[in-house]
Amino acid sequence: MASEGPQSAPGAEPSQPRTPQHSFDTANDATAVVSATGTVIGWTHSAQDLLGYRAAEVVGRSAGFLLAMPEDPVRVARIAERCRAGVGWSGVADVRRRDGGRIEVDLRISASFHLDGRECFLVSARERRPVGTVGQSVLDAFLTSSPIGMAVMSPQLRYVWMNETLERIGGVPREQRVGRRMGEVLPGLETDAIEPLMRRVLDTGVPVIDFEYRGWSWADPHRERAYSTSFFPLADADGTVTGICYMVLDVTDRWKAQQRLALVNDAGASIGSTLDVMRTAQELADFAVPRFADFVAVDLLEPVASPEEPGPWPSGTVPSGTGGAARSGGGAESLRPTMRRAGMSSVREGCPEAVYRIGERVDSLPPPHDVRFLSDGEPVLIPALDTVRHLWAAEQPAREATIREFGLHSLIAVPMRARDTVLGLTTFVRSVNPAPFEPDDVLPARDLVARAAVCVDNARRYTREHAAALTLQRSLLPHTLPGGMALDVASSYLPADAKDGVGGDWFDVIPLSGARVALVVGDVVGHGISAAATMGRLRTAVHTLADMDLPPDELLAHLDDLVIRLSDEEPEGGSSGTTVLGATCLYAVYDPVTQLCTMARAGHPPPVVVSPDGRVNFPELPAGPPLGLGGLPFETAEIELPEGSLIALYTNGLIEGRDRDADLGMSRLGGALAQRGLPLDTLCATVVEQLLPVPQPDDVALLLARTHELSADHVVSWEVPADPAAVAGVRARTARLLRTWGLEELQMTTELIVSELVTNALRHATGPIRLRLLRQSVLICEVSDASSTSPRLRHARTTDEGGRGLFLVAQLTHRWGTRYTPEGKIIWTEQELPVTGT
């Protein structure tokens with residue numbers, strides 16, 4: 001029976017047949033000419049070859065007898081109309097051969113044409129032959145021998161059929177599966193997820209492709225395997241779903257490769273979060289359990305695990321009479337490294353399988369290896385510990401006992417090395433996981449340890465550098481704060497968080513002439529040894545400049561020049577490690593006689609002053625540029641500090657600690673300093689703790705000073721007339737004063753000093769001349785005049801009549817010097833007070 005195929009519209013390309021066919025060739029196709037009434041009026045040899053009818057048997061007869069089944073007249077009329085319209089028709093028909101057989105042909109009818117006055121159609125046919133058909137034996141072989149496991153399940157999800165590959169994959173024979181559900185025969189698979197998935201495919205008819213899951217196979221019960229499965233419904237001729245087919249591919253190797261890669265990638269986010277050696281070792285152990293091993297131990301060489309400087313390799317090795325024989329030469333002495341357990345983790349709570357605890361010494365290696373294994377050896381894989389238990393029993397009986405007790409069955413030991421430095425050993429063990437370690441597991445184990453080794457080495461190097469920098473910085477900071485009778489002083493220094501390194505914050509208290517005291521605080525930009533070294537150079541420079549009794553603004557100007565020179569001297573690239581990137585400083589001088597404090601600052605936060613009645617204020621002090629810019633002036637400001645005032649100098653880390661808001665930090669600082677009734681040391685520590693409860697990224701320095709007034713009974717001042725005869729009177733008044741102060745032992749020396757200084761002033765300077773004596777921790781003698789010429793210490797010759805005065809003064813005093821004032825200069829001396837009591 002002919003069936004109408006896809007039709008082509010006029011002018012369009014003809015549609016393709018439903019199955020691939022060769023193009024029609026009139027030289028080979030069976031061809032006939034049929035009239036409009038259906039009579040055959042032409043027959044070719046090809047038609048005879050196809051159907052077996054000779055021309056005489058067909059021509060003149062109706063073409064209908066050639067069809068295996070009678071055609072519908074209406075359909076025939078429709079086809080004729082189409083051909084008359086010039087479109088033509090193509091389709092499929094069943095025709096009858098002369099021998100009684102039937103064949104299916106592709107049939108094509110041309111547009112109508114006229115022949116001898118009659119309307120005709122050209123009909124051509126070609127037998128339809130199946131393309132790519134295979135025999136049943138080939139199909140059976142494909143289903144049974146395919147490398148992909150296949151199975152057919154009933155609508156009730158029971159096995160109906162399966163091929164041999166699936167039988168091998170699951171390890172369960174076919175006869176034990178047919179008629180049963182997957183969960184009944186394969187309990188190790190994720191059947192709770194697979195069966196609902198198959199029901200969804202049955203209900204919706206939508207296939208599921210490449211669903212991956214893991215499970216244990218009966219064929220290999222000690223190794224977890226991964227599978228990729230696709231599900232699609234089976235339907236009969238009516239479209240009714242009669243079951244489901246699934247195909248399984250074992251993708252264990254691919255899955256393991258992905259897991260190993262993910263293991264190493266994820267390690268970067270979990271290992272090395274701190275610059276602490278022991279913490280990094282513990283992070284390695286925690287990361288590997290349970291995703292790679294059931295028990296992990298990380299043992300580090302003792303110099304690595306301790307914060308001290310690492311010793312030469314091999315460090316701490318000792319002869320071992322119980323160790324394995326050395327590998328180099330029969331008589332070589334076996335050595336074992338001295339290590340400490342730095343980290344461990346286990347799937348069992350408390351790590352009961354561990355022979356050593358955290359911090360304990362470990363001197364054992366996997367037998368029969370010796371110390372050279374750590375420096376030169378490759379990772380050791382022992383798939384089955386039972387094969388080497390006799391070695392542990394002989395050398396390490398405690399370990400052999402834990403192997404037996406906890407079922408430890410597989411091990412990988414990896415030396416930990418980084419940058420040609422031996423750090424320790426990491427051991428991975430499986431016990432609960434029944435799968436032994438495989439050769440493919442050695443590479444991820446090595447990668448894990450290598451990544452952790454770099455982190456440990458970084459932490460080790462940082463710890464060493466941080467300790468050195470902190471030691472250097474603490475050695476450069478003042479150990480005592482000599483406030484004398486002018487100030488009570490307390491200080492607090494808080495290093496930055498360990499990961500940021502020590503910084504360049506510093507402070508100092510410097511006694512000056514005339515009972516004055518200098519307070520200084522500074523901050524060098526940067527962290528580490530470089531910042532600490534630069535801080536030390538600046539502190540030394542401030543001491544030198546302070547000894548010159550320079551005003552605060554001039555001192556900062558000289559310090560600014562020094563910072564510029566240090567930067568200019570630094571080679572390009574900063575190879576010396578002391579590049580000065582910038583610094584800030586605040587310098588203040590307090591005079592207990594006048595109770596005035598003169599200050600200047602270079603880009604530093606202003607001080608805080610708390611008055612005796614508890615009021616807090618931040619003096620308006622010109623900011624000045626940070627040190628190192630050059631060319632910009634510094635300005636001074638002078639404030640009065642009554643007896644009992646508190647002045648606080650600090651670095652910016654104290655006020656920018658929590659939220660980096662400096663204004664809010666200064667407000668907090670003022671409130672904390674206003675606390676009453678606390679000793680100065682306690683107040684200093686309390687302020688830092690309140691403002692910075694947790695470690696900060698910047699170090700902090702806080703210097704507190706409570707002022708005292710040098711009362712009238714400690715200070716005496718006289719005007720000296722411009723008459724050489726006045727020297728005797730001055731000496732007499734000095735002697736009486738010393739007797740009043742109970743300093744008779746210093747009377748003769750002080751009279752000589754006063755006589756020499758006053759005489760020099762009368763001879764070489766201009767008036768007014770003034771003598772001032774101050775008694776505090778030392779006896780201070782000052783002679784001021786209006787001249788700016790400084791006396792010079794000379795070493796007189798034996799023939800000289802003079803020139804020995806200042807030389808004698810230098811010999812008789814503890815210190816002496818000159819300082820300049822807006823009115824002239826002051827020559828001063830200091831004498832140590834006699835020791836009283838027993």
# chains A, B, ... in the order shown; residues from 1 in each chain; ligands from 1
$ select_by_dssp --residues "region 579-750 of chain A" --states "strand (DSSP E or B)" --output "ChimeraX atom specification"
/A:583-591,596-602,608-610,616-617,627,637-640,646-650,700-707,715-720
$ residues_around --residues "Val542 (chain A)" --least-positions-apart "3" --cutoff "8 Å" --atoms "only C-alpha atoms" --output "tab-separated table (two decimals) with C-alpha atoms, in the first residue's frame"
chain	number	residue	atom	x	y	z
A	538	LEU	CA	66.62	58.01	65.30
A	539	ARG	CA	66.55	57.47	69.05
A	545	LEU	CA	70.66	66.45	69.75
A	546	ALA	CA	69.06	66.66	73.21
A	555	LEU	CA	65.86	69.49	67.25
A	559	LEU	CA	66.26	65.13	62.88
$ closest_residue --among "A:Thr636, A:Ser112, A:Ser787, A:Ser491" --to "Pro551 (chain A)" --atoms "only C-alpha atoms"
A:Thr636
$ residues_around --residues "region 729-739 of chain A" --least-positions-apart "2" --cutoff "10 Å" --atoms "only C-alpha atoms" --output "PyMOL selection string"
chain A and resi 716+718-721+725-727+741-748+750-755+758+771-773+775+779
$ residues_around --residues "Trp816 (chain A)" --least-positions-apart "4" --cutoff "7 Å" --atoms "only C-alpha atoms" --output "list in words"
Ala810, Trp828, Thr829 and Glu830 of chain A
$ write_last_selection --atoms "N, CA and C atoms" --output "tab-separated table (two decimals), in the first residue's frame"
chain	number	residue	atom	x	y	z
A	810	ALA	N	85.65	70.97	85.09
A	810	ALA	CA	85.34	69.67	84.48
A	810	ALA	C	85.79	68.53	85.37
A	828	TRP	N	76.41	75.55	82.93
A	828	TRP	CA	75.86	74.76	84.03
A	828	TRP	C	76.79	73.62	84.42
A	829	THR	N	76.66	73.20	85.67
A	829	THR	CA	77.42	72.04	86.16
A	829	THR	C	76.49	71.19	87.01
A	830	GLU	N	76.86	69.95	87.17
A	830	GLU	CA	76.12	69.02	88.03
A	830	GLU	C	77.12	68.28	88.91
$ residues_around --residues "region 705-708 of chain A" --least-positions-apart "3" --cutoff "6 Å" --atoms "only C-alpha atoms" --output "PyMOL selection string"
chain A and resi 486-489+643-647
$ write_last_selection --atoms "C-alpha atoms" --output "PDB file, in the first residue's frame"
ATOM      1  CA  ALA A 486      60.362  66.755  87.825  1.00  0.00           C
ATOM      2  CA  LEU A 487      58.197  63.868  86.606  1.00  0.00           C
ATOM      3  CA  ASP A 488      56.709  60.527  87.581  1.00  0.00           C
ATOM      4  CA  VAL A 489      56.896  58.432  84.424  1.00  0.00           C
ATOM      5  CA  GLU A 643      51.648  70.410  89.870  1.00  0.00           C
ATOM      6  CA  GLY A 644      49.929  67.023  89.410  1.00  0.00           C
ATOM      7  CA  SER A 645      49.088  67.430  85.713  1.00  0.00           C
ATOM      8  CA  LEU A 646      49.183  64.308  83.542  1.00  0.00           C
ATOM      9  CA  ILE A 647      50.609  64.462  80.031  1.00  0.00           C
TER      10      ILE A 647
END
$ residues_around --residues "Ala93 (chain A)" --least-positions-apart "2" --cutoff "12 Å" --atoms "only C-alpha atoms" --output "VMD selection string"
chain A and resid 1 to 5 64 66 to 71 90 to 91 95 to 96 102 to 109 124 to 128
$ write_last_selection --atoms "N, CA and C atoms" --output "PDB file, in the first residue's frame"
ATOM      1  N   MET A   1       0.857  -1.186   0.000  1.00  0.00           N
ATOM      2  CA  MET A   1       0.000   0.000   0.000  1.00  0.00           C
ATOM      3  C   MET A   1       0.888   1.230   0.000  1.00  0.00           C
ATOM      4  N   ALA A   2       0.567   2.155  -0.921  1.00  0.00           N
ATOM      5  CA  ALA A   2       1.372   3.366  -0.997  1.00  0.00           C
ATOM      6  C   ALA A   2       1.059   4.269   0.173  1.00  0.00           C
ATOM      7  N   SER A   3       2.076   4.979   0.644  1.00  0.00           N
ATOM      8  CA  SER A   3       1.886   5.963   1.718  1.00  0.00           C
ATOM      9  C   SER A   3       2.489   7.270   1.267  1.00  0.00           C
ATOM     10  N   GLU A   4       1.779   8.338   1.564  1.00  0.00           N
ATOM     11  CA  GLU A   4       2.196   9.652   1.079  1.00  0.00           C
ATOM     12  C   GLU A   4       3.311  10.189   1.944  1.00  0.00           C
ATOM     13  N   GLY A   5       4.394  10.564   1.296  1.00  0.00           N
ATOM     14  CA  GLY A   5       5.535  11.103   2.045  1.00  0.00           C
ATOM     15  C   GLY A   5       5.484  12.602   2.086  1.00  0.00           C
ATOM     16  N   GLY A  64      -3.225  -0.950 -11.337  1.00  0.00           N
ATOM     17  CA  GLY A  64      -3.652  -1.325  -9.994  1.00  0.00           C
ATOM     18  C   GLY A  64      -3.318  -2.749  -9.632  1.00  0.00           C
ATOM     19  N   LEU A  66      -0.614  -4.213  -9.981  1.00  0.00           N
ATOM     20  CA  LEU A  66       0.750  -4.314  -9.465  1.00  0.00           C
ATOM     21  C   LEU A  66       0.834  -3.995  -7.960  1.00  0.00           C
ATOM     22  N   LEU A  67      -0.189  -3.322  -7.418  1.00  0.00           N
ATOM     23  CA  LEU A  67      -0.152  -2.958  -5.989  1.00  0.00           C
ATOM     24  C   LEU A  67      -0.574  -4.145  -5.143  1.00  0.00           C
ATOM     25  N   ALA A  68       0.118  -4.291  -4.023  1.00  0.00           N
ATOM     26  CA  ALA A  68      -0.174  -5.431  -3.143  1.00  0.00           C
ATOM     27  C   ALA A  68      -1.539  -5.264  -2.496  1.00  0.00           C
ATOM     28  N   MET A  69      -1.981  -4.024  -2.315  1.00  0.00           N
ATOM     29  CA  MET A  69      -3.285  -3.752  -1.733  1.00  0.00           C
ATOM     30  C   MET A  69      -3.948  -2.662  -2.546  1.00  0.00           C
ATOM     31  N   PRO A  70      -5.268  -2.714  -2.725  1.00  0.00           N
ATOM     32  CA  PRO A  70      -5.968  -1.708  -3.533  1.00  0.00           C
ATOM     33  C   PRO A  70      -5.834  -0.328  -2.892  1.00  0.00           C
ATOM     34  N   GLU A  71      -5.720   0.667  -3.751  1.00  0.00           N
ATOM     35  CA  GLU A  71      -5.561   2.043  -3.275  1.00  0.00           C
ATOM     36  C   GLU A  71      -6.924   2.689  -3.054  1.00  0.00           C
ATOM     37  N   SER A  90       5.957  11.864  -4.250  1.00  0.00           N
ATOM     38  CA  SER A  90       6.856  10.768  -3.879  1.00  0.00           C
ATOM     39  C   SER A  90       6.320  10.118  -2.626  1.00  0.00           C
ATOM     40  N   GLY A  91       6.558   8.833  -2.505  1.00  0.00           N
ATOM     41  CA  GLY A  91       6.081   8.109  -1.340  1.00  0.00           C
ATOM     42  C   GLY A  91       6.566   6.682  -1.363  1.00  0.00           C
ATOM     43  N   VAL A  95       4.418  -3.380  -3.588  1.00  0.00           N
ATOM     44  CA  VAL A  95       4.027  -3.884  -4.930  1.00  0.00           C
ATOM     45  C   VAL A  95       4.215  -5.395  -4.972  1.00  0.00           C
ATOM     46  N   ARG A  96       3.515  -5.983  -5.981  1.00  0.00           N
ATOM     47  CA  ARG A  96       3.496  -7.439  -6.110  1.00  0.00           C
ATOM     48  C   ARG A  96       4.434  -7.834  -7.249  1.00  0.00           C
ATOM     49  N   ARG A 102       6.227  -9.885  -2.350  1.00  0.00           N
ATOM     50  CA  ARG A 102       5.929  -8.467  -2.177  1.00  0.00           C
ATOM     51  C   ARG A 102       7.220  -7.736  -1.773  1.00  0.00           C
ATOM     52  N   ILE A 103       7.384  -6.546  -2.299  1.00  0.00           N
ATOM     53  CA  ILE A 103       8.528  -5.715  -1.913  1.00  0.00           C
ATOM     54  C   ILE A 103       8.035  -4.295  -1.676  1.00  0.00           C
ATOM     55  N   GLU A 104       8.806  -3.575  -0.875  1.00  0.00           N
ATOM     56  CA  GLU A 104       8.486  -2.171  -0.599  1.00  0.00           C
ATOM     57  C   GLU A 104       9.405  -1.322  -1.469  1.00  0.00           C
ATOM     58  N   VAL A 105       8.802  -0.344  -2.140  1.00  0.00           N
ATOM     59  CA  VAL A 105       9.572   0.488  -3.051  1.00  0.00           C
ATOM     60  C   VAL A 105       9.349   1.951  -2.707  1.00  0.00           C
ATOM     61  N   ASP A 106      10.403   2.734  -3.085  1.00  0.00           N
ATOM     62  CA  ASP A 106      10.244   4.187  -3.076  1.00  0.00           C
ATOM     63  C   ASP A 106       9.665   4.551  -4.437  1.00  0.00           C
ATOM     64  N   LEU A 107       8.535   5.219  -4.407  1.00  0.00           N
ATOM     65  CA  LEU A 107       7.778   5.493  -5.625  1.00  0.00           C
ATOM     66  C   LEU A 107       7.792   6.991  -5.895  1.00  0.00           C
ATOM     67  N   ARG A 108       8.013   7.347  -7.180  1.00  0.00           N
ATOM     68  CA  ARG A 108       8.000   8.751  -7.552  1.00  0.00           C
ATOM     69  C   ARG A 108       7.138   8.896  -8.819  1.00  0.00           C
ATOM     70  N   ILE A 109       6.209   9.856  -8.797  1.00  0.00           N
ATOM     71  CA  ILE A 109       5.314  10.124  -9.941  1.00  0.00           C
ATOM     72  C   ILE A 109       5.589  11.545 -10.408  1.00  0.00           C
ATOM     73  N   SER A 124       8.402   6.012 -11.465  1.00  0.00           N
ATOM     74  CA  SER A 124       9.662   5.287 -11.261  1.00  0.00           C
ATOM     75  C   SER A 124       9.690   4.731  -9.842  1.00  0.00           C
ATOM     76  N   ALA A 125      10.389   3.601  -9.693  1.00  0.00           N
ATOM     77  CA  ALA A 125      10.406   2.924  -8.388  1.00  0.00           C
ATOM     78  C   ALA A 125      11.772   2.319  -8.138  1.00  0.00           C
ATOM     79  N   ARG A 126      12.136   2.230  -6.879  1.00  0.00           N
ATOM     80  CA  ARG A 126      13.376   1.567  -6.458  1.00  0.00           C
ATOM     81  C   ARG A 126      13.080   0.827  -5.161  1.00  0.00           C
ATOM     82  N   GLU A 127      13.586  -0.397  -5.094  1.00  0.00           N
ATOM     83  CA  GLU A 127      13.332  -1.217  -3.901  1.00  0.00           C
ATOM     84  C   GLU A 127      13.983  -0.580  -2.682  1.00  0.00           C
ATOM     85  N   ARG A 128      13.241  -0.504  -1.606  1.00  0.00           N
ATOM     86  CA  ARG A 128      13.768   0.023  -0.332  1.00  0.00           C
ATOM     87  C   ARG A 128      14.573  -1.062   0.366  1.00  0.00           C
TER      88      ARG A 128
END
$ residues_around --residues "Arg214 (chain A)" --least-positions-apart "2" --cutoff "12 Å" --atoms "only C-alpha atoms" --output "VMD selection string"
chain A and resid 186 to 191 193 to 194 211 to 212 216 to 217 223 to 229 248 to 252 255 to 256
$ closest_residue --among "A:Glu353, A:Asp286, A:Asp698, A:Glu782" --to "Thr818 (chain A)" --atoms "only C-alpha atoms"
A:Glu782
$ atom_distance --atom1 "CA of Ala602 (chain A)" --atom2 "CA of Ala685 (chain A)"
26.2 Å
